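Peer 1: Data file structure_26.txt (compact mmCIF, C-alpha atoms) is appended below.
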```txt
# COMPACT_ATOMS: atom_id res chain seq x y z
CA MET A 1 33.99 -209.56 -65.00
CA LEU A 2 34.82 -211.65 -61.94
CA ALA A 3 35.97 -214.46 -64.22
CA ASN A 4 38.36 -212.13 -66.04
CA LEU A 5 39.81 -210.93 -62.72
CA LEU A 6 40.43 -214.48 -61.53
CA LYS A 7 41.99 -215.35 -64.86
CA THR A 8 44.35 -212.32 -64.67
CA LEU A 9 45.40 -213.25 -61.09
CA ALA A 10 46.15 -216.78 -62.26
CA THR A 11 48.26 -215.72 -65.24
CA LYS A 12 50.14 -212.91 -63.52
CA PRO A 13 51.82 -213.98 -60.26
CA GLN A 14 52.96 -210.45 -59.39
CA ILE A 15 49.42 -209.18 -59.26
CA ARG A 16 48.28 -212.26 -57.30
CA TYR A 17 51.07 -211.80 -54.79
CA SER A 18 50.24 -208.08 -54.37
CA TYR A 19 46.58 -208.95 -53.86
CA GLU A 20 47.40 -211.54 -51.18
CA ILE A 21 49.62 -209.03 -49.34
CA SER A 22 46.85 -206.43 -49.40
CA ARG A 23 44.32 -208.94 -48.08
CA SER A 24 46.74 -209.99 -45.32
CA LEU A 25 47.34 -206.37 -44.30
CA CYS A 26 43.58 -205.70 -44.14
CA SER A 27 43.06 -208.82 -42.05
CA GLN A 28 45.84 -207.77 -39.67
CA THR A 29 44.38 -204.27 -39.39
CA ASN A 30 40.95 -205.70 -38.48
CA LYS A 31 42.56 -207.90 -35.83
CA ASP A 32 44.38 -204.90 -34.35
CA VAL A 33 41.17 -202.85 -34.29
CA TYR A 34 39.26 -205.73 -32.64
CA ALA A 35 42.04 -206.25 -30.06
CA GLU A 36 42.14 -202.55 -29.26
CA LYS A 37 38.34 -202.48 -28.88
CA SER A 38 38.38 -205.54 -26.61
CA LYS A 39 41.11 -204.04 -24.47
CA ARG A 40 39.19 -200.78 -24.17
CA GLU A 41 36.00 -202.64 -23.11
CA GLU A 42 38.00 -204.68 -20.62
CA ASP A 43 39.48 -201.49 -19.12
CA GLU A 44 36.03 -199.95 -18.83
CA THR A 45 34.72 -203.09 -17.14
CA LEU A 46 37.59 -203.03 -14.66
CA LYS A 47 36.93 -199.36 -13.91
CA ILE A 48 33.23 -200.05 -13.27
CA GLY A 49 34.06 -203.00 -11.01
CA SER A 50 36.62 -200.95 -9.12
CA SER A 51 34.12 -198.11 -8.69
CA LEU A 52 31.44 -200.49 -7.40
CA PHE A 53 33.90 -202.04 -4.97
CA GLU A 54 34.91 -198.62 -3.65
CA GLN A 55 31.28 -197.55 -3.26
CA ALA A 56 30.45 -200.77 -1.42
CA SER A 57 33.12 -199.98 1.15
CA ILE A 58 31.70 -196.49 1.81
CA LYS A 59 29.69 -196.22 5.03
CA TYR A 60 26.78 -193.85 4.63
CA GLU A 61 25.94 -192.18 7.91
CA PRO A 62 22.33 -191.11 8.54
CA VAL A 63 21.65 -187.42 8.07
CA THR A 64 19.55 -185.70 10.69
CA ALA A 65 16.91 -183.11 9.93
CA GLU A 66 18.99 -180.51 11.74
CA GLU A 67 21.95 -181.10 9.41
CA VAL A 68 19.76 -180.77 6.32
CA LEU A 69 18.22 -177.63 7.76
CA ARG A 70 21.65 -176.23 8.55
CA LYS A 71 22.77 -176.77 4.94
CA ASN A 72 19.62 -175.16 3.58
CA ILE A 73 20.00 -172.19 5.89
CA LYS A 74 23.65 -171.83 4.91
CA HIS A 75 22.65 -171.44 1.24
CA LYS A 76 19.75 -169.12 2.04
CA LEU A 77 21.46 -166.73 4.45
CA THR A 78 20.31 -163.20 4.10
CA LYS A 79 22.75 -160.28 3.84
CA GLU A 80 22.21 -159.40 7.48
CA ALA A 81 22.95 -162.98 8.53
CA LYS A 82 26.14 -163.00 6.47
CA GLU A 83 27.29 -159.74 8.05
CA SER A 84 26.61 -161.04 11.55
CA ASN A 85 28.58 -164.22 10.81
CA LYS A 86 31.64 -162.76 8.99
CA SER A 87 34.04 -164.34 11.43
CA SER A 88 32.77 -167.84 10.69
CA SER A 89 31.85 -169.61 7.46
CA ASN A 90 29.07 -171.53 9.27
CA PRO A 91 26.10 -169.90 11.02
CA SER A 92 26.07 -169.95 14.79
CA PRO A 93 23.99 -172.63 16.60
CA LYS A 94 21.73 -169.93 18.03
CA PHE A 95 20.99 -168.59 14.56
CA VAL A 96 20.30 -172.11 13.30
CA GLN A 97 17.85 -172.75 16.14
CA ASN A 98 16.00 -169.48 15.55
CA ALA A 99 15.85 -170.07 11.82
CA LYS A 100 14.61 -173.63 12.38
CA GLN A 101 11.76 -172.46 14.60
CA LYS A 102 10.90 -169.73 12.12
CA TYR A 103 10.91 -172.25 9.25
CA ILE A 104 8.64 -174.68 11.10
CA LYS A 105 6.27 -171.89 12.08
CA GLN A 106 6.09 -170.57 8.54
CA THR A 107 5.49 -174.08 7.14
CA ARG A 108 2.65 -174.73 9.59
CA GLN A 109 1.08 -171.35 8.82
CA GLU A 110 1.35 -171.99 5.08
CA ARG A 111 -0.34 -175.37 5.40
CA GLU A 112 -3.10 -174.05 7.61
CA SER A 113 -3.68 -171.12 5.28
CA LYS A 114 -4.29 -173.56 2.42
CA SER A 115 -7.10 -175.31 4.31
CA ARG A 116 -10.48 -173.62 4.25
CA LEU A 117 -13.49 -173.82 6.53
CA ILE A 118 -16.49 -174.60 4.35
CA ASP A 119 -20.04 -173.94 5.49
CA ASP A 120 -21.97 -176.30 3.22
CA SER A 121 -25.62 -175.26 3.09
CA GLU A 122 -26.52 -178.33 1.06
CA LEU A 123 -25.28 -180.73 3.75
CA GLY A 124 -26.02 -178.39 6.64
CA LEU A 125 -22.55 -179.09 8.04
CA GLN A 126 -19.29 -177.21 8.48
CA TYR A 127 -16.09 -178.97 7.50
CA LEU A 128 -12.43 -178.16 7.00
CA ARG A 129 -11.10 -178.73 3.51
CA LEU A 130 -7.54 -180.09 3.51
CA ASP A 131 -5.12 -180.14 0.61
CA LEU A 132 -3.22 -183.20 -0.60
CA ASN A 133 -0.80 -184.70 1.96
CA ASP A 134 -1.85 -182.35 4.74
CA PRO A 135 0.16 -183.46 7.83
CA ARG A 136 -2.82 -183.10 10.15
CA LEU A 137 -4.52 -186.08 8.50
CA GLY A 138 -1.36 -188.17 8.91
CA THR A 139 -1.05 -187.27 12.58
CA LEU A 140 -4.70 -188.12 13.17
CA MET A 141 -4.57 -191.50 11.42
CA ILE A 142 -1.21 -192.62 12.85
CA SER A 143 -2.56 -192.14 16.36
CA ALA A 144 -5.73 -194.07 15.56
CA ARG A 145 -3.98 -196.94 13.72
CA SER A 146 -1.37 -197.53 16.42
CA LYS A 147 -2.49 -200.18 18.94
CA LYS A 148 -0.50 -198.52 21.70
CA ARG A 149 -2.13 -195.15 21.11
CA ARG A 150 -5.50 -196.82 20.51
CA ASP A 151 -5.34 -198.47 23.93
CA LYS A 152 -4.26 -195.20 25.52
CA ASP A 153 -6.64 -192.78 23.79
CA GLY A 154 -9.45 -195.26 23.18
CA GLU A 155 -10.06 -194.23 19.55
CA ILE A 156 -11.06 -196.70 16.86
CA VAL A 157 -11.27 -196.25 13.07
CA ILE A 158 -14.56 -197.22 11.42
CA GLU A 159 -15.16 -196.95 7.69
CA GLY A 160 -18.14 -197.90 5.60
CA ARG A 161 -21.72 -196.65 5.80
CA ARG A 162 -23.22 -199.72 7.48
CA LEU A 163 -20.68 -199.99 10.27
CA ILE A 164 -20.74 -196.23 10.90
CA LEU A 165 -24.52 -196.34 11.27
CA GLU A 166 -24.19 -199.27 13.70
CA ALA A 167 -21.80 -197.24 15.85
CA LEU A 168 -24.05 -194.16 15.74
CA GLU A 169 -27.10 -196.25 16.61
CA CYS A 170 -25.27 -197.56 19.68
CA LYS A 171 -24.60 -193.93 20.74
CA LEU A 172 -20.81 -194.13 20.50
CA GLN A 173 -19.01 -190.82 20.79
CA LEU A 174 -18.01 -189.49 17.36
CA ASN A 175 -14.64 -187.68 17.40
CA ALA A 176 -13.89 -187.07 13.71
CA VAL A 177 -15.34 -187.56 10.23
CA ILE A 178 -13.07 -187.78 7.18
CA PHE A 179 -14.67 -187.88 3.73
CA SER A 180 -13.80 -187.32 0.11
CA GLN A 181 -17.20 -187.65 -1.56
CA LYS A 182 -20.16 -185.53 -0.52
CA ASP A 183 -22.65 -188.13 -1.76
CA GLU A 184 -21.42 -190.66 0.81
CA LEU A 185 -21.66 -188.13 3.62
CA ALA A 186 -25.12 -186.96 2.49
CA ASP A 187 -26.55 -190.44 3.17
CA ILE A 188 -25.65 -190.26 6.86
CA LYS A 189 -25.75 -186.51 7.48
CA ASP A 190 -28.80 -186.70 9.77
CA HIS A 191 -27.07 -189.23 12.01
CA ILE A 192 -23.89 -187.10 11.97
CA LYS A 193 -25.87 -184.06 13.13
CA SER A 194 -27.30 -186.05 16.05
CA ALA A 195 -23.78 -187.17 17.00
CA LEU A 196 -22.56 -183.55 16.83
CA GLU A 197 -25.18 -182.57 19.39
CA ARG A 198 -23.73 -185.14 21.79
CA ASN A 199 -20.13 -184.09 21.04
CA PRO A 200 -19.75 -180.56 19.58
CA GLN A 201 -15.95 -180.99 19.55
CA CYS A 202 -16.18 -183.46 16.66
CA LYS A 203 -14.12 -182.39 13.62
CA ILE A 204 -15.17 -182.93 10.00
CA TYR A 205 -12.51 -182.99 7.26
CA LYS A 206 -12.84 -183.12 3.48
CA VAL A 207 -9.70 -184.63 1.96
CA PRO A 208 -8.61 -185.69 -1.54
CA HIS A 209 -9.61 -189.22 -2.48
CA HIS A 210 -5.93 -190.17 -2.83
CA ASP A 211 -5.31 -189.39 0.86
CA LEU A 212 -8.38 -191.35 1.92
CA LYS A 213 -7.24 -194.32 -0.16
CA THR A 214 -3.77 -194.13 1.42
CA TRP A 215 -5.14 -194.54 4.96
CA SER A 216 -7.99 -196.92 4.15
CA THR A 217 -7.58 -200.65 4.77
CA LEU A 218 -10.08 -201.47 2.00
CA THR A 219 -9.20 -202.06 -1.64
CA THR A 220 -12.04 -199.74 -2.68
CA PRO A 221 -12.49 -197.00 -0.05
CA PRO A 222 -16.16 -196.23 0.68
CA GLY A 223 -15.52 -192.48 0.74
CA VAL A 224 -16.18 -191.92 4.47
CA MET A 225 -13.95 -192.75 7.43
CA THR A 226 -14.75 -191.98 11.05
CA LEU A 227 -13.00 -191.96 14.42
CA PHE A 228 -15.12 -193.07 17.37
CA GLN A 229 -14.38 -193.29 21.04
CA ARG A 230 -14.09 -196.96 21.91
CA PRO A 231 -17.06 -197.98 24.09
CA SER A 232 -16.07 -198.74 27.65
CA LEU A 233 -16.79 -202.14 29.13
CA GLU A 234 -19.07 -200.53 31.71
CA TYR A 235 -21.10 -198.91 28.93
CA ILE A 236 -21.61 -202.22 27.10
CA VAL A 237 -22.45 -204.07 30.33
CA LYS A 238 -25.02 -201.41 31.23
CA LYS A 239 -26.47 -201.51 27.74
CA SER A 240 -26.76 -205.30 27.78
CA SER A 241 -28.20 -205.31 31.31
CA ASP A 242 -31.30 -203.57 29.96
CA SER A 243 -32.09 -206.85 28.21
CA ALA A 244 -30.71 -209.12 30.95
CA GLY A 245 -33.57 -211.60 30.54
CA GLU A 246 -32.50 -212.31 26.95
CA LEU A 247 -28.82 -212.93 27.68
CA LEU A 248 -27.74 -216.56 27.63
CA PRO A 249 -25.48 -217.84 30.44
CA LEU A 250 -22.65 -218.38 27.96
CA THR A 251 -19.08 -217.10 28.09
CA VAL A 252 -16.89 -217.64 25.03
CA VAL A 253 -13.13 -217.78 25.66
CA CYS A 254 -10.93 -217.19 22.59
CA ASP A 255 -7.56 -218.92 22.69
CA ASN A 256 -4.88 -218.33 20.03
CA ILE A 257 -7.27 -216.69 17.54
CA ARG A 258 -4.82 -214.75 15.38
CA GLU A 259 -6.91 -213.99 12.30
CA PRO A 260 -8.84 -210.69 12.70
CA ASN A 261 -11.62 -211.73 10.30
CA ASN A 262 -12.25 -214.92 12.30
CA LEU A 263 -12.26 -213.03 15.59
CA GLY A 264 -14.72 -210.52 14.16
CA SER A 265 -17.02 -213.34 13.02
CA ILE A 266 -16.85 -214.91 16.50
CA ILE A 267 -17.88 -211.61 18.09
CA ARG A 268 -20.72 -211.26 15.58
CA THR A 269 -22.04 -214.75 16.44
CA CYS A 270 -21.81 -214.13 20.19
CA ALA A 271 -23.72 -210.85 19.85
CA ALA A 272 -26.41 -212.54 17.75
CA LEU A 273 -27.27 -215.19 20.40
CA PRO A 274 -26.63 -213.08 22.61
CA CYS A 275 -23.89 -214.39 24.90
CA PHE A 276 -23.13 -213.10 28.36
CA GLN A 277 -19.58 -212.02 27.45
CA ILE A 278 -16.47 -212.74 25.36
CA VAL A 279 -13.07 -213.28 26.96
CA ILE A 280 -10.06 -212.82 24.66
CA THR A 281 -6.83 -214.20 26.11
CA LYS A 282 -3.33 -212.88 25.56
CA GLY A 283 -1.86 -214.00 22.25
CA CYS A 284 -5.02 -213.35 20.25
CA CYS A 285 -5.21 -210.55 17.70
CA ASP A 286 -6.60 -207.13 18.59
CA PRO A 287 -10.42 -207.19 18.49
CA TRP A 288 -10.58 -203.42 17.88
CA GLU A 289 -8.50 -203.25 14.70
CA SER A 290 -10.23 -202.51 11.38
CA LYS A 291 -10.53 -206.04 9.96
CA ALA A 292 -11.97 -207.43 13.20
CA LEU A 293 -14.44 -204.53 13.40
CA ARG A 294 -15.66 -205.17 9.86
CA GLY A 295 -16.01 -208.89 10.59
CA GLY A 296 -18.00 -208.11 13.74
CA CYS A 297 -20.60 -206.02 11.83
CA GLY A 298 -21.45 -204.02 14.94
CA GLY A 299 -21.24 -206.91 17.41
CA HIS A 300 -18.41 -205.13 19.24
CA PHE A 301 -20.90 -202.52 20.43
CA ARG A 302 -23.50 -205.00 21.72
CA VAL A 303 -21.65 -207.66 23.72
CA PRO A 304 -19.12 -207.17 26.58
CA ILE A 305 -15.56 -207.93 25.41
CA ARG A 306 -12.79 -208.49 27.94
CA ASP A 307 -9.55 -208.59 25.97
CA ASP A 308 -5.90 -209.24 26.79
CA VAL A 309 -6.83 -211.50 29.73
CA SER A 310 -4.21 -213.89 31.13
CA TRP A 311 -5.20 -217.50 31.81
CA GLU A 312 -4.64 -216.94 35.54
CA ASN A 313 -7.49 -214.42 35.48
CA VAL A 314 -9.89 -216.35 33.25
CA PRO A 315 -11.61 -218.12 36.23
CA LEU A 316 -12.34 -214.66 37.67
CA MET A 317 -14.45 -213.86 34.61
CA ILE A 318 -17.13 -216.39 35.66
CA PRO A 319 -19.96 -214.82 37.70
CA PRO A 320 -19.20 -215.73 41.34
CA GLU A 321 -22.79 -216.67 42.15
CA LYS A 322 -22.77 -219.29 39.35
CA ALA A 323 -19.25 -220.65 39.73
CA ASP A 324 -20.37 -223.74 41.71
CA ASN A 325 -22.54 -224.97 38.86
CA CYS A 326 -20.41 -223.96 35.87
CA CYS A 327 -19.79 -226.25 32.90
CA ILE A 328 -16.73 -225.84 30.68
CA PHE A 329 -16.68 -227.10 27.09
CA ILE A 330 -13.57 -227.19 24.89
CA ALA A 331 -13.99 -227.36 21.12
CA GLU A 332 -11.22 -229.64 19.87
CA ASN A 333 -10.98 -231.83 16.76
CA ASN A 334 -7.32 -232.82 17.05
CA LYS A 335 -7.58 -236.60 17.61
CA GLU A 336 -3.97 -237.01 18.71
CA LYS A 337 -4.32 -234.30 21.34
CA LEU A 338 -7.58 -235.83 22.57
CA LYS A 339 -6.04 -239.28 22.91
CA ALA A 340 -3.07 -237.90 24.84
CA SER A 341 -5.33 -236.02 27.28
CA ASN A 342 -7.56 -239.07 28.06
CA LEU A 343 -10.58 -236.79 28.41
CA GLU A 344 -14.21 -237.50 27.68
CA VAL A 345 -15.14 -236.46 24.16
CA VAL A 346 -18.78 -235.74 23.34
CA ASP A 347 -20.45 -235.10 19.99
CA TYR A 348 -21.61 -231.48 19.93
CA SER A 349 -25.20 -232.59 19.19
CA GLU A 350 -25.28 -235.02 22.14
CA VAL A 351 -24.55 -232.57 24.94
CA GLN A 352 -27.33 -232.92 27.48
CA LYS A 353 -26.21 -231.39 30.73
CA VAL A 354 -25.64 -227.67 30.95
CA GLY A 355 -24.92 -225.55 34.01
CA SER A 356 -26.23 -222.32 35.45
CA HIS A 357 -23.33 -220.79 33.54
CA ASN A 358 -21.42 -222.32 30.63
CA VAL A 359 -17.98 -221.57 29.20
CA VAL A 360 -16.95 -222.51 25.65
CA VAL A 361 -13.24 -222.38 24.82
CA ILE A 362 -12.45 -222.10 21.11
CA GLY A 363 -8.93 -222.17 19.65
CA GLY A 364 -7.29 -221.30 16.35
CA GLU A 365 -7.48 -223.65 13.38
CA SER A 366 -3.72 -224.24 13.18
CA HIS A 367 -2.83 -225.10 16.79
CA GLY A 368 -6.17 -225.53 18.52
CA VAL A 369 -6.55 -224.73 22.20
CA SER A 370 -3.55 -224.45 24.52
CA SER A 371 -2.63 -226.60 27.52
CA ASP A 372 -3.83 -223.76 29.76
CA ALA A 373 -7.35 -224.36 28.49
CA PHE A 374 -7.24 -228.04 29.50
CA ARG A 375 -5.97 -227.10 32.95
CA PHE A 376 -8.81 -224.60 33.25
CA MET A 377 -11.34 -227.29 32.29
CA SER A 378 -9.96 -229.70 34.90
CA THR A 379 -10.94 -227.28 37.69
CA VAL A 380 -14.63 -228.21 37.31
CA GLY A 381 -14.09 -231.99 37.29
CA SER A 382 -16.85 -233.98 35.57
CA ARG A 383 -18.57 -230.79 34.41
CA GLY A 384 -15.76 -230.25 31.93
CA LYS A 385 -16.00 -231.94 28.51
CA CYS A 386 -14.36 -231.82 25.09
CA ILE A 387 -16.79 -231.24 22.23
CA ASN A 388 -16.13 -232.79 18.85
CA ILE A 389 -17.78 -231.96 15.52
CA PRO A 390 -17.86 -235.01 13.20
CA LEU A 391 -16.44 -234.28 9.77
CA ALA A 392 -16.21 -236.12 6.48
CA GLU A 393 -13.11 -238.17 5.79
CA GLY A 394 -10.22 -236.04 4.61
CA PHE A 395 -11.27 -232.92 6.54
CA ASP A 396 -9.47 -232.03 9.76
CA SER A 397 -11.41 -228.98 10.95
CA LEU A 398 -13.98 -226.35 10.18
CA ASN A 399 -13.48 -222.64 10.12
CA VAL A 400 -13.28 -221.54 13.75
CA ALA A 401 -16.25 -219.17 13.47
CA SER A 402 -18.41 -221.81 11.75
CA ALA A 403 -17.54 -224.44 14.37
CA LEU A 404 -18.35 -222.07 17.22
CA THR A 405 -21.70 -221.17 15.64
CA LEU A 406 -22.74 -224.84 15.55
CA ILE A 407 -21.71 -225.41 19.15
CA LEU A 408 -23.29 -222.26 20.56
CA TYR A 409 -26.67 -222.78 18.92
CA GLU A 410 -26.74 -226.40 20.09
CA LEU A 411 -25.97 -225.28 23.63
CA ARG A 412 -28.57 -222.53 23.30
CA LYS A 413 -31.21 -225.16 22.48
CA ASN A 414 -30.26 -227.20 25.56
CA ILE A 415 -30.20 -224.10 27.81
CA LEU A 416 -33.67 -223.02 26.67
CA GLN A 417 -35.04 -226.53 27.14
CA THR A 418 -33.55 -226.71 30.64
CA ASP A 419 -35.01 -223.32 31.56
CA LYS A 420 -38.38 -224.37 30.16
CA SER A 421 -38.44 -227.62 32.14
CA THR A 422 -37.30 -225.83 35.29
CA SER A 423 -40.01 -223.18 34.98
CA SER A 424 -42.71 -225.81 34.31
CA SER A 425 -41.65 -227.89 37.32
CA THR A 426 -41.71 -224.78 39.50
CA THR A 427 -45.24 -223.95 38.29
CA ALA A 428 -46.40 -227.51 39.00
CA THR A 429 -44.99 -227.34 42.54
CA VAL A 430 -46.79 -224.10 43.21
```
What is this file in structure tokens?

Peer 2:
Amino acid sequence: MLANLLKTLATKPQIRYSYEISRSLCSQTNKDVYAEKSKREEDETLKIGSSLFEQASIKYEPVTAEEVLRKNIKHKLTKEAKESNKSSSNPSPKFVQNAKQKYIKQTRQERESKSRLIDDSELGLQYLRLDLNDPRLGTLMISARSKKRRDKDGEIVIEGRRLILEALECKLQLNAVIFSQKDELADIKDHIKSALERNPQCKIYKVPHHDLKTWSTLTTPPGVMTLFQRPSLEYIVKKSSDSAGELLPLTVVCDNIREPNNLGSIIRTCAALPCFQIVITKGCCDPWESKALRGGCGGHFRVPIRDDVSWENVPLMIPPEKADNCCIFIAENNKEKLKASNLEVVDYSEVQKVGSHNVVVIGGESHGVSSDAFRFMSTVGSRGKCINIPLAEGFDSLNVASALTLILYELRKNILQTDKSTSSSTTATV
């Protein structure tokens, strides 16, 4: 059939010419349609670009809560309000203020009415059940998480069964308990009851797990979060003075420790020896924030911590009666810094002489100790030394907590040997 058509077009020029004209017209029509479509798309693109340019030049001013409230009130005016404001399309400022106070009061009452006081006979505790996103939980946690408020109010956040039990064992004042799972609270309910006897004002809240997860600093929340009163320095000193014979004459000075987990591990090691005290200079991270508390594993409640101390006041931290025979050791592995200082460097395992009181200065892994630490060491003359930990080739430093543990236990061995020899010589003299 196609062959016959081609043959007819070849033999009859009129038909071939008509066919070519038709094909040309169709081709021209397609070109016109395509051109019109392209022009339309181009116009739309220009309109979008123009709209984006105009929107980019618009300055959006912040909207205050009062303006939003005013708009809402304007749409929700009652008939009486409309009659009292016929002369003006907008409500009067006095009406807005009254309506705002009424709205806030109603909202607070509605939220409080949703919460219920539960007297749980199974746990033997009373707690307030809060709904999702209750603002009281947010207010409570914002105050506790803020360092400024934490320093002012003295509240710390502790989560996890083990750390909570450590705080309760050390008789810290319990201010609030927040839980989402009854099973987690049932494990420590006896300790909670004892804490309630010491502080009846303690509040217990049951919240949805989503809210607890929002405020938790852990990937998997343990189900219980508590707010304790931060132990005062006087309380820790008094508590440690009961075992004054066991305390080692060691003060650890933290310089430029900016990782909370490392600082927590340092506090844990110092409490395990136990050391006389820990001095945390300005520039270090907060020892009472959640990560440092978890790293300390309860050490914060067992060793005196003097934080946010300036280097001018560090010498005042040494007991005055032992200042004349005080040795200062700086842990430093930076070879370039040691060469520039021209100070005596001793292997940590070869330290022989210790004083009636000893100070160990430990710095961060990145920058080491500051120049203030070297100036502090120079005040004791020959009793000041730099301690070096030998490492394999290719390694510059150890983790700061691991390095301090090696140094402290080596000094502990020397201190105990010195005390033993002193006591034996005294017995022989008698």

Peer 1: With only C-alpha atoms as the atoms that count, which of A:Pro287, A:Glu36, A:Arg294, A:Asp187 lies nearest to Glu159 in chain A?

Peer 2: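 Using only C-alpha atoms, the shortest distance to Glu159 in chain A belongs to A:Arg294.
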
Peer 1: Would you mind listing what lies within 12 Å of Met377 in chain A as a ChimeraX atom specification, with all atoms listed in the file counted and same-chain residues fewer than 6 positions away left out?

Peer 2: /A:253,311,314-315,326-331,341,343-344,358-361,369-371,383-386

Peer 1: Could you list, as a PyMOL selection string, every residue within 12 Å of range 139-143 of chain A, counting all atoms listed in the file and ignoring same-chain residues fewer than 4 positions away?

Peer 2: chain A and resi 133-135+147-158+175-178+203+205+211-212+214-217+225-227

Peer 1: Between A:Pro221, A:Pro304, A:Gly264, A:Pro319, which is the closest to Lys291 in chain A once you count only C-alpha atoms?

Peer 2: A:Gly264

Peer 1: At what distance in Å, to one decimal, does CA of Phe276 in chain A lie from CA of Leu250 in chain A?

Peer 2: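 Going from CA of Leu250 in chain A over to CA of Phe276 in chain A, I get 5.3 Å.
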
Peer 1: What is the distance between CA of Leu128 in chain A and CA of Val207 in chain A, in Å to one decimal?

Peer 2: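 For CA of Leu128 in chain A relative to CA of Val207 in chain A, the distance reads 8.6 Å.
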
Peer 1: Which residue out of A:Glu197, A:Ser382, A:Phe228, A:Asp396 has the minimum interatomic distance to Val354 in chain A when all atoms listed in the file are used?

Peer 2: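 Going through A:Glu197, A:Ser382, A:Phe228, A:Asp396 one by one, the smallest distance to Val354 in chain A is for A:Ser382.
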
Peer 1: Taking (-11.8, -184.1, 2.4) in the file's own coordinates, collect the residues within 6 Å, counting all atoms listed in the file, and hand them back as a list of chain:residue names.

Peer 2: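 Residues with an atom close enough to that point: A:Arg129, A:Leu130, A:Phe179, A:Ser180, A:Tyr205, A:Lys206, A:Val207, A:Pro208.
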
Peer 1: Those same residues - C-alpha atoms - I'd like them written as a PDB file, keeping the file's coordinate frame.

Peer 2:
```pdb
ATOM      1  CA  ARG A 129     -11.100-178.730   3.510  1.00  0.00           C
ATOM      2  CA  LEU A 130      -7.540-180.090   3.510  1.00  0.00           C
ATOM      3  CA  PHE A 179     -14.670-187.880   3.730  1.00  0.00           C
ATOM      4  CA  SER A 180     -13.800-187.320   0.110  1.00  0.00           C
ATOM      5  CA  TYR A 205     -12.510-182.990   7.260  1.00  0.00           C
ATOM      6  CA  LYS A 206     -12.840-183.120   3.480  1.00  0.00           C
ATOM      7  CA  VAL A 207      -9.700-184.630   1.960  1.00  0.00           C
ATOM      8  CA  PRO A 208      -8.610-185.690  -1.540  1.00  0.00           C
TER       9      PRO A 208
END
```

Peer 1: So that I can check the surroundings of Cys270 in chain A, please list as a list of chain:residue names every protein, DNA and RNA residue that reaches within 8 Å of it, counting all atoms listed in the file and ignoring chain neighbours fewer than 6 positions away.

Peer 2: A:Val252, A:Gln277, A:Ile278, A:Gly299, A:Val303

Peer 1: Generate N, CA and C atoms for range 135-147 of chain A and emit them as a PDB file, in the coordinates of the input.

Peer 2:
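Done, and the output landed in rebuild25.pdb:
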```pdb
ATOM      1  N   PRO A 135      -0.398-182.676   6.724  1.00  0.00           N
ATOM      2  CA  PRO A 135       0.160-183.460   7.830  1.00  0.00           C
ATOM      3  C   PRO A 135      -0.826-183.718   8.965  1.00  0.00           C
ATOM      4  N   ARG A 136      -1.856-182.906   9.069  1.00  0.00           N
ATOM      5  CA  ARG A 136      -2.820-183.100  10.150  1.00  0.00           C
ATOM      6  C   ARG A 136      -3.582-184.423   9.985  1.00  0.00           C
ATOM      7  N   LEU A 137      -3.853-184.807   8.739  1.00  0.00           N
ATOM      8  CA  LEU A 137      -4.520-186.080   8.500  1.00  0.00           C
ATOM      9  C   LEU A 137      -3.604-187.238   8.893  1.00  0.00           C
ATOM     10  N   GLY A 138      -2.317-187.126   8.542  1.00  0.00           N
ATOM     11  CA  GLY A 138      -1.360-188.170   8.910  1.00  0.00           C
ATOM     12  C   GLY A 138      -1.236-188.337  10.410  1.00  0.00           C
ATOM     13  N   THR A 139      -1.159-187.215  11.114  1.00  0.00           N
ATOM     14  CA  THR A 139      -1.050-187.270  12.580  1.00  0.00           C
ATOM     15  C   THR A 139      -2.282-187.920  13.191  1.00  0.00           C
ATOM     16  N   LEU A 140      -3.442-187.574  12.652  1.00  0.00           N
ATOM     17  CA  LEU A 140      -4.700-188.120  13.170  1.00  0.00           C
ATOM     18  C   LEU A 140      -4.780-189.624  12.951  1.00  0.00           C
ATOM     19  N   MET A 141      -4.410-190.094  11.759  1.00  0.00           N
ATOM     20  CA  MET A 141      -4.570-191.500  11.420  1.00  0.00           C
ATOM     21  C   MET A 141      -3.490-192.369  12.067  1.00  0.00           C
ATOM     22  N   ILE A 142      -2.278-191.843  12.201  1.00  0.00           N
ATOM     23  CA  ILE A 142      -1.210-192.620  12.850  1.00  0.00           C
ATOM     24  C   ILE A 142      -1.591-192.915  14.295  1.00  0.00           C
ATOM     25  N   SER A 143      -2.146-191.937  14.966  1.00  0.00           N
ATOM     26  CA  SER A 143      -2.560-192.140  16.360  1.00  0.00           C
ATOM     27  C   SER A 143      -3.667-193.181  16.460  1.00  0.00           C
ATOM     28  N   ALA A 144      -4.595-193.146  15.504  1.00  0.00           N
ATOM     29  CA  ALA A 144      -5.730-194.070  15.560  1.00  0.00           C
ATOM     30  C   ALA A 144      -5.350-195.480  15.128  1.00  0.00           C
ATOM     31  N   ARG A 145      -4.385-195.620  14.212  1.00  0.00           N
ATOM     32  CA  ARG A 145      -3.980-196.940  13.720  1.00  0.00           C
ATOM     33  C   ARG A 145      -3.032-197.652  14.677  1.00  0.00           C
ATOM     34  N   SER A 146      -2.325-196.934  15.498  1.00  0.00           N
ATOM     35  CA  SER A 146      -1.370-197.530  16.420  1.00  0.00           C
ATOM     36  C   SER A 146      -2.110-198.199  17.576  1.00  0.00           C
ATOM     37  N   LYS A 147      -1.815-199.471  17.844  1.00  0.00           N
ATOM     38  CA  LYS A 147      -2.490-200.180  18.940  1.00  0.00           C
ATOM     39  C   LYS A 147      -2.150-199.559  20.286  1.00  0.00           C
TER      40      LYS A 147
END
```
